[in-house]
>>> print(open('model38.csv').read())   # CSV, C-alpha atoms
chain,number,residue,atom,x,y,z
R,70,MET,CA,-16.1,-17.1,14.2
R,71,LYS,CA,-12.4,-17.2,15.1
R,72,LYS,CA,-11.6,-19.6,12.3
R,73,ALA,CA,-13.3,-17.5,9.7
R,74,LYS,CA,-11.4,-14.4,10.9
R,75,SER,CA,-8.0,-16.3,10.7
R,76,GLN,CA,-8.7,-17.4,7.2
R,77,LYS,CA,-9.2,-13.8,6.0
R,78,THR,CA,-5.9,-12.4,7.2
R,79,LEU,CA,-5.3,-10.6,3.9
R,80,ALA,CA,-8.7,-9.0,3.5
R,81,LYS,CA,-7.3,-5.6,4.6
R,82,PHE,CA,-4.1,-5.9,2.5
R,83,ALA,CA,-3.4,-2.4,1.1
R,84,GLY,CA,-1.5,-3.6,-2.0
R,85,PRO,CA,-0.3,-3.7,-4.5
R,86,LEU,CA,1.4,-7.1,-4.3
R,87,VAL,CA,3.8,-8.1,-7.1
R,88,LEU,CA,4.4,-11.8,-7.7
R,89,LEU,CA,7.4,-12.7,-9.8
R,90,GLY,CA,7.0,-16.2,-11.0
R,91,ALA,CA,3.6,-18.0,-11.1
R,92,GLY,CA,4.8,-21.6,-11.4
R,93,LYS,CA,3.6,-24.3,-9.1
R,94,MET,CA,4.8,-22.7,-5.9
R,95,GLY,CA,3.9,-19.2,-6.9
R,96,GLN,CA,0.4,-20.3,-8.0
R,97,ALA,CA,-0.1,-22.2,-4.7
R,98,MET,CA,0.7,-19.1,-2.8
R,99,LEU,CA,-1.5,-16.9,-4.9
R,100,ASP,CA,-4.4,-19.3,-4.5
R,101,GLY,CA,-3.9,-19.2,-0.7
R,102,TRP,CA,-3.8,-15.4,-0.7
R,103,LEU,CA,-7.0,-15.1,-2.6
R,104,ALA,CA,-8.7,-17.6,-0.3
R,105,ARG,CA,-7.6,-15.5,2.6
R,106,GLY,CA,-9.2,-12.3,1.3
R,107,LEU,CA,-6.7,-10.7,-1.0
R,108,THR,CA,-8.5,-9.2,-4.0
R,109,ALA,CA,-7.2,-10.0,-7.4
R,110,ARG,CA,-7.1,-6.3,-8.5
R,111,LYS,CA,-4.3,-5.7,-5.9
R,112,VAL,CA,-2.1,-8.3,-7.6
R,113,THR,CA,0.5,-7.8,-10.3
R,114,ILE,CA,1.9,-11.0,-11.8
R,115,ILE,CA,5.1,-11.2,-13.8
R,116,ASP,CA,5.5,-14.5,-15.6
R,117,PRO,CA,6.7,-15.1,-19.2
R,118,GLN,CA,4.6,-18.2,-19.7
R,119,PRO,CA,1.5,-17.8,-17.5
R,120,VAL,CA,-0.9,-20.8,-17.4
R,121,LYS,CA,-4.7,-20.4,-18.1
R,122,ALA,CA,-5.6,-20.1,-14.4
R,123,ILE,CA,-3.2,-17.1,-14.1
R,124,LYS,CA,-4.5,-15.4,-17.3
R,125,ALA,CA,-8.1,-15.9,-16.0
R,126,LEU,CA,-7.3,-13.7,-13.0
R,127,THR,CA,-7.0,-10.7,-15.3
R,128,ARG,CA,-10.8,-10.9,-15.6
R,129,ARG,CA,-11.0,-10.3,-11.9
R,130,GLY,CA,-8.7,-7.2,-12.1
R,131,ALA,CA,-5.2,-8.7,-11.7
R,132,LYS,CA,-2.4,-7.2,-13.8
R,133,LEU,CA,-0.4,-9.5,-15.9
R,134,ASN,CA,3.1,-8.6,-17.3
R,135,PRO,CA,2.6,-4.8,-17.3
R,136,LYS,CA,4.9,-2.9,-19.6
R,137,ALA,CA,8.0,-1.6,-17.9
R,138,GLY,CA,8.7,2.1,-17.9
R,139,PRO,CA,8.4,5.2,-15.7
R,140,LYS,CA,4.6,5.1,-15.9
R,141,ALA,CA,4.6,1.6,-14.6
R,142,LYS,CA,6.4,2.5,-11.4
R,143,ALA,CA,4.3,1.8,-8.3
R,144,ASP,CA,5.6,1.2,-4.8
R,145,ALA,CA,4.3,-2.2,-3.8
R,146,THR,CA,3.4,-3.2,-0.2
R,147,ALA,CA,5.0,-6.6,-1.0
R,148,ILE,CA,7.0,-8.2,-3.7
R,149,VAL,CA,7.1,-12.0,-3.7
R,150,ILE,CA,9.9,-13.7,-5.7
R,151,ALA,CA,9.0,-17.2,-6.7
R,152,VAL,CA,11.2,-17.8,-9.8
R,153,LYS,CA,13.8,-20.5,-10.2
R,154,PRO,CA,17.2,-19.3,-8.7
R,155,GLN,CA,19.0,-19.6,-12.1
R,156,SER,CA,16.6,-16.9,-13.4
R,157,ALA,CA,17.3,-14.5,-10.6
R,158,PRO,CA,20.2,-12.4,-12.1
R,159,GLY,CA,18.0,-11.3,-14.9
R,160,ALA,CA,14.6,-11.3,-13.3
R,161,VAL,CA,15.2,-9.7,-9.9
R,162,PRO,CA,16.8,-6.3,-10.7
R,163,PRO,CA,13.8,-5.0,-12.7
R,164,LEU,CA,11.7,-5.4,-9.5
R,165,GLY,CA,13.4,-2.2,-8.3
R,166,LEU,CA,10.6,-0.5,-10.2
R,167,TYR,CA,8.2,-1.6,-7.5
R,168,ALA,CA,10.4,-1.3,-4.4
R,169,GLY,CA,9.7,1.7,-2.2
R,170,LYS,CA,10.8,2.6,1.3
R,171,SER,CA,8.0,0.6,2.9
R,172,THR,CA,8.1,-2.4,0.5
R,173,LEU,CA,8.6,-5.9,1.8
R,174,VAL,CA,10.5,-8.3,-0.5
R,175,LEU,CA,9.8,-11.9,0.2
R,176,SER,CA,11.9,-14.5,-1.7
R,177,ILE,CA,11.3,-18.2,-1.7
R,178,MET,CA,14.2,-18.9,-4.1
R,179,ALA,CA,16.4,-21.8,-3.0
R,180,GLY,CA,20.0,-20.9,-2.6
R,181,ARG,CA,19.7,-17.2,-3.3
R,182,THR,CA,21.0,-15.3,-0.2
R,183,ILE,CA,19.9,-12.1,1.4
R,184,HIS,CA,23.2,-10.6,0.2
R,185,PHE,CA,22.4,-11.5,-3.4
R,186,LEU,CA,19.0,-9.8,-3.1
R,187,GLU,CA,20.4,-6.7,-1.4
R,188,GLN,CA,22.9,-6.3,-4.2
R,189,ALA,CA,20.1,-6.8,-6.9
R,190,LEU,CA,17.6,-4.4,-5.3
R,191,PRO,CA,17.6,-0.8,-4.2
R,192,LEU,CA,19.5,0.1,-1.0
R,193,GLY,CA,17.7,-0.4,2.3
R,194,VAL,CA,14.9,-2.6,1.1
R,195,ALA,CA,13.3,-4.9,3.7
R,196,ILE,CA,14.0,-8.5,2.6
R,197,VAL,CA,12.8,-11.9,4.0
R,198,ARG,CA,14.3,-15.0,2.6
R,199,ALA,CA,12.1,-18.1,3.0
R,200,MET,CA,12.4,-21.8,2.3
R,201,PRO,CA,9.0,-23.6,1.8
R,202,ASN,CA,8.6,-27.2,0.8
R,203,THR,CA,6.4,-29.0,-1.8
R,204,PRO,CA,3.4,-29.9,0.5
R,205,ALA,CA,2.7,-26.2,0.1
R,206,ALA,CA,0.8,-27.2,-3.0
R,207,ILE,CA,-2.0,-28.5,-0.6
R,208,SER,CA,-1.4,-25.8,2.1
R,209,ARG,CA,0.3,-28.3,4.3
R,210,GLY,CA,3.9,-27.1,3.9
R,211,ILE,CA,6.4,-25.8,6.4
R,212,THR,CA,8.3,-22.6,5.7
R,213,VAL,CA,11.3,-21.2,7.5
R,214,ALA,CA,12.0,-17.5,7.1
R,215,VAL,CA,14.8,-15.1,8.0
R,216,PRO,CA,14.7,-11.3,7.8
R,217,ASN,CA,17.4,-8.8,7.0
R,218,ALA,CA,18.1,-5.8,9.2
R,219,HIS,CA,15.5,-3.6,7.5
R,220,VAL,CA,12.4,-5.7,8.2
R,221,SER,CA,10.0,-4.1,10.7
R,222,ALA,CA,7.7,-5.9,13.1
R,223,ARG,CA,4.8,-5.0,10.8
R,224,GLN,CA,6.5,-6.4,7.8
R,225,LYS,CA,7.5,-9.6,9.6
R,226,LYS,CA,3.8,-10.1,10.4
R,227,LEU,CA,2.9,-9.5,6.8
R,228,ALA,CA,5.5,-12.0,5.7
R,229,THR,CA,4.0,-14.5,8.1
R,230,ASP,CA,0.5,-13.9,6.8
R,231,LEU,CA,1.7,-14.4,3.2
R,232,LEU,CA,3.6,-17.6,4.0
R,233,ALA,CA,0.8,-19.0,6.1
R,234,ALA,CA,-1.2,-19.4,2.9
R,235,ILE,CA,0.8,-22.5,2.2
R,236,GLY,CA,1.2,-23.9,5.6
R,237,LYS,CA,3.0,-23.3,8.9
R,238,VAL,CA,5.8,-20.7,9.4
R,239,GLU,CA,8.9,-20.7,11.5
R,240,TRP,CA,11.4,-17.9,11.9
R,241,VAL,CA,15.2,-17.9,12.5
R,242,ASP,CA,17.5,-15.0,13.0
R,243,ASP,CA,20.7,-16.6,11.6
R,244,GLU,CA,20.7,-17.0,7.8
R,245,MET,CA,23.4,-19.7,8.1
R,246,LEU,CA,20.7,-22.0,9.4
R,247,MET,CA,18.9,-21.9,6.0
R,248,ASP,CA,21.3,-24.5,4.5
R,249,ALA,CA,20.3,-27.1,7.2
R,250,VAL,CA,16.6,-26.0,6.8
R,251,THR,CA,16.9,-26.7,3.1
R,252,ALA,CA,18.3,-30.2,3.9
R,253,VAL,CA,15.7,-31.1,6.5
R,254,SER,CA,12.4,-29.7,5.3
R,255,GLY,CA,13.1,-28.3,1.8
R,256,SER,CA,14.4,-31.7,0.6
R,257,GLY,CA,12.6,-33.7,3.2
R,258,PRO,CA,9.5,-34.7,1.2
R,259,ALA,CA,11.8,-36.6,-1.1
R,260,TYR,CA,13.0,-38.7,1.8
R,261,ILE,CA,9.4,-39.6,2.7
R,262,PHE,CA,8.6,-40.5,-0.9
R,263,LEU,CA,11.8,-42.6,-1.0
R,264,LEU,CA,10.7,-44.4,2.2
R,265,THR,CA,7.3,-45.2,0.5
R,266,GLU,CA,9.2,-46.5,-2.6
R,267,ALA,CA,11.4,-48.7,-0.4
R,268,MET,CA,8.5,-50.0,1.6
R,269,THR,CA,6.8,-51.0,-1.6
R,270,LYS,CA,9.8,-52.8,-3.0
R,271,ALA,CA,10.3,-54.6,0.4
R,272,GLY,CA,6.7,-55.6,0.4
R,273,ILE,CA,7.0,-57.1,-3.1
R,274,ALA,CA,10.2,-58.9,-2.0
R,275,ALA,CA,8.2,-60.4,0.9
R,276,GLY,CA,5.7,-61.8,-1.5
R,277,LEU,CA,3.0,-59.2,-1.8
R,278,PRO,CA,1.4,-58.4,-5.2
R,279,ALA,CA,3.0,-55.2,-6.5
R,280,GLU,CA,-0.2,-53.1,-6.5
R,281,LEU,CA,-1.2,-54.2,-3.0
R,282,ALA,CA,2.3,-53.4,-1.7
R,283,ALA,CA,2.2,-50.0,-3.3
R,284,ARG,CA,-1.2,-49.2,-1.7
R,285,LEU,CA,-0.2,-50.5,1.7
R,286,ALA,CA,3.0,-48.4,1.7
R,287,ARG,CA,1.3,-45.3,0.4
R,288,GLU,CA,-1.6,-45.3,2.8
R,289,THR,CA,0.6,-46.3,5.8
R,290,VAL,CA,3.0,-43.4,5.2
R,291,ALA,CA,0.1,-40.9,4.5
R,292,GLY,CA,-1.9,-42.1,7.5
R,293,SER,CA,1.0,-42.1,9.9
R,294,GLY,CA,1.9,-38.6,8.8
R,295,GLU,CA,-1.7,-37.5,9.5
R,296,LEU,CA,-1.6,-39.2,12.9
R,297,LEU,CA,1.6,-37.4,13.7
R,298,HIS,CA,0.1,-34.1,12.5
R,299,ARG,CA,-3.0,-34.5,14.7
R,300,SER,CA,-1.5,-36.1,17.7
R,301,GLY,CA,-0.1,-34.1,20.6
R,302,LEU,CA,2.5,-36.8,21.1
R,303,ASP,CA,6.0,-36.6,19.7
R,304,ALA,CA,7.4,-39.0,17.1
R,305,ALA,CA,9.4,-41.1,19.5
R,306,THR,CA,6.3,-41.7,21.7
R,307,LEU,CA,4.2,-42.7,18.8
R,308,ARG,CA,6.9,-45.1,17.6
R,309,GLN,CA,7.1,-46.7,21.1
R,310,ASN,CA,3.3,-47.0,21.2
R,311,VAL,CA,3.4,-49.2,18.1
R,312,THR,CA,6.2,-51.3,19.3
R,313,SER,CA,5.4,-54.3,21.5
R,314,PRO,CA,8.5,-56.0,23.2
R,315,GLY,CA,9.6,-59.0,21.2
R,316,GLY,CA,7.0,-58.4,18.5
R,317,THR,CA,7.2,-57.9,14.7
R,318,THR,CA,7.7,-54.1,14.9
R,319,ALA,CA,10.5,-54.6,17.4
R,320,ALA,CA,12.2,-57.0,15.0
R,321,ALA,CA,12.1,-54.6,12.2
R,322,LEU,CA,13.3,-51.7,14.4
R,323,ASN,CA,16.2,-53.7,15.6
R,324,VAL,CA,17.4,-53.5,11.9
R,325,LEU,CA,16.3,-49.9,11.2
R,326,MET,CA,17.8,-48.6,14.4
R,327,GLY,CA,21.1,-50.5,14.1
R,328,PRO,CA,24.6,-49.0,13.6
R,329,ARG,CA,23.9,-48.3,9.9
R,330,GLY,CA,20.2,-47.7,10.3
R,331,PHE,CA,17.9,-44.7,9.8
R,332,ASP,CA,19.7,-42.4,12.3
R,333,ALA,CA,23.1,-42.8,10.7
R,334,LEU,CA,21.8,-42.7,7.1
R,335,LEU,CA,19.7,-39.6,7.6
R,336,THR,CA,22.5,-37.8,9.5
R,337,ASP,CA,24.8,-38.4,6.5
R,338,ALA,CA,22.1,-37.5,4.0
R,339,ILE,CA,21.2,-34.3,5.6
R,340,ALA,CA,24.9,-33.4,6.1
R,341,ALA,CA,25.4,-34.0,2.3
R,342,ALA,CA,22.3,-31.8,1.5
R,343,THR,CA,23.5,-29.1,3.8
R,344,LYS,CA,26.9,-29.1,2.2
R,345,ARG,CA,25.5,-28.9,-1.3
R,346,SER,CA,23.2,-26.0,-0.3
R,347,LYS,CA,26.2,-24.1,0.9
R,348,GLU,CA,28.0,-24.8,-2.4
R,349,LEU,CA,25.0,-23.6,-4.4
R,350,ALA,CA,24.7,-20.4,-2.4
R,351,GLY,CA,28.4,-19.7,-3.1
>>> encode(input="model38.csv", output="structure tokens")
Amino acid sequence: MKKAKSQKTLAKFAGPLVLLGAGKMGQAMLDGWLARGLTARKVTIIDPQPVKAIKALTRRGAKLNPKAGPKAKADATAIVIAVKPQSAPGAVPPLGLYAGKSTLVLSIMAGRTIHFLEQALPLGVAIVRAMPNTPAAISRGITVAVPNAHVSARQKKLATDLLAAIGKVEWVDDEMLMDAVTAVSGSGPAYIFLLTEAMTKAGIAAGLPAELAARLARETVAGSGELLHRSGLDAATLRQNVTSPGGTTAAALNVLMGPRGFDALLTDAIAAATKRSKELAG
């Protein structure tokens, strides 16, 4: 019973909800919201090139690309911005049409700061900036969010409910941390995929057939991630549990944990990504 209740956290959502951008991430969020009880008729979608699945939602009552103008104005309970950051200067200001005194604006645009959003939207709007990652596509993402000074406790809970549709949610109070968040979890899936690529190449170099090496690497990374997800143990303990003194794993870890091993490489990599995030944010 508790599980069913938790999955319908948006059943009582007052609406309307305006979604700007229905690409892969926007559509993943929308699918999650509908699964959690949000009714399609409470959703307004703004997207210049909607896919068939988005167009189909109009048959369930969703509004798609309504005409702008005074008659279109409607204070939204929430506005979710899921467009690419380069589209923001032209796409965000028109959202003022839907922004009322109690509206929550939730942005998942990379690099676009709260200051940018405050300048583009009406004065005093409650804004949450969030950084999800690509496992959101299968509702296994991790999102970090930061509020501006106008976000109430109720709006923060609403933001959590909306973001929980694509995975777990963490909150920070300092927006400056978002650059490091971007470097660790936002870009992080690419590091895991690169690890899988490297394991595949190393397996081939050790003599394995290419297809077998690829399968072994893929399933090992996926299975280990699932074990980490389900286990109550931390990563260091799980690593130690696999490592027998003087064994094959220990021999490999002596290389990987050496002076120029994983720790040093990832520290440098995340520092570089953090620096670039700051540059892109201006």
>>> atom_distance(input="model38.csv", atom1="atom CA of Pro201 of chain R", atom2="atom CA of Leu335 of chain R")
20.1 Å
>>> closest_residue(input="model38.csv", among="R:Gly210, R:Gly159, R:Gly276, R:Pro216", to="Ser256 of chain R", atoms="only C-alpha atoms")
R:Gly210
>>> atom_distance(input="model38.csv", atom1="atom CA of Ile150 of chain R", atom2="atom CA of Arg223 of chain R")
19.3 Å
>>> closest_residue(input="model38.csv", among="R:Val194, R:Leu325, R:Leu227, R:Ile339", to="Phe82 of chain R", atoms="all atoms listed in the file")
R:Leu227
>>> residues_around(input="model38.csv", residues="Ala151 of chain R", least_positions_apart="5", cutoff="8 Å", atoms="all atoms listed in the file", output="count of residues only")
10
>>> residues_near_point(input="model38.csv", point="(5.6, -55.8, -7.8)", cutoff="6 Å", atoms="only C-alpha atoms", output="mmCIF file with C-alpha atoms, keeping the file's coordinate frame")
data_model
loop_
_atom_site.group_PDB
_atom_site.id
_atom_site.type_symbol
_atom_site.label_atom_id
_atom_site.label_comp_id
_atom_site.auth_asym_id
_atom_site.auth_seq_id
_atom_site.Cartn_x
_atom_site.Cartn_y
_atom_site.Cartn_z
ATOM 1 C CA ILE R 273 7.000 -57.100 -3.100
ATOM 2 C CA PRO R 278 1.400 -58.400 -5.200
ATOM 3 C CA ALA R 279 3.000 -55.200 -6.500
#
>>> residues_around(input="model38.csv", residues="Ala122 of chain R", least_positions_apart="6", cutoff="12 Å", atoms="only C-alpha atoms", output="list of chain:residue names")
R:Ala91, R:Gly92, R:Lys93, R:Gln96, R:Ala97, R:Leu99, R:Asp100, R:Arg128, R:Arg129, R:Ala131, R:Leu133
>>> closest_residue(input="model38.csv", among="R:Ala80, R:Val197, R:Ala319, R:Ala104", to="Asn217 of chain R", atoms="all atoms listed in the file")
R:Val197
>>> closest_residue(input="model38.csv", among="R:Pro204, R:Pro85, R:Gly236, R:Pro191", to="Gly130 of chain R", atoms="all atoms listed in the file")
R:Pro85
>>> closest_residue(input="model38.csv", among="R:Ile114, R:Leu277, R:Ile123, R:Ala252", to="Leu164 of chain R", atoms="all atoms listed in the file")
R:Ile114
>>> closest_residue(input="model38.csv", among="R:Asp337, R:Asp144, R:Glu295, R:Asp116", to="Val253 of chain R", atoms="only C-alpha atoms")
R:Asp337
>>> atom_distance(input="model38.csv", atom1="atom CA of Met98 of chain R", atom2="atom CA of Ala205 of chain R")
7.9 Å
>>> residues_around(input="model38.csv", residues="Phe185 of chain R", least_positions_apart="2", cutoff="10 Å", atoms="only C-alpha atoms", output="ChimeraX atom specification")
/R:157-158,161,180-183,187-190,350
>>> residues_around(input="model38.csv", residues="Thr172 of chain R", least_positions_apart="6", cutoff="6 Å", atoms="all atoms listed in the file", output="compact mmCIF listing (two decimals) with C-alpha atoms, keeping the file's coordinate frame")
# COMPACT_ATOMS: atom_id res chain seq x y z
CA ALA R 145 4.30 -2.20 -3.80
CA THR R 146 3.40 -3.20 -0.20
CA ALA R 147 5.00 -6.60 -1.00
>>> residues_around(input="model38.csv", residues="segment 280-284 of chain R", least_positions_apart="3", cutoff="10 Å", atoms="all atoms listed in the file", output="list in words")
Thr265, Glu266, Ala267, Met268, Thr269, Lys270, Ala271, Gly272, Ile273, Ala274, Ala275, Gly276, Leu277, Arg287, Glu288, Thr289 and Val290 of chain R
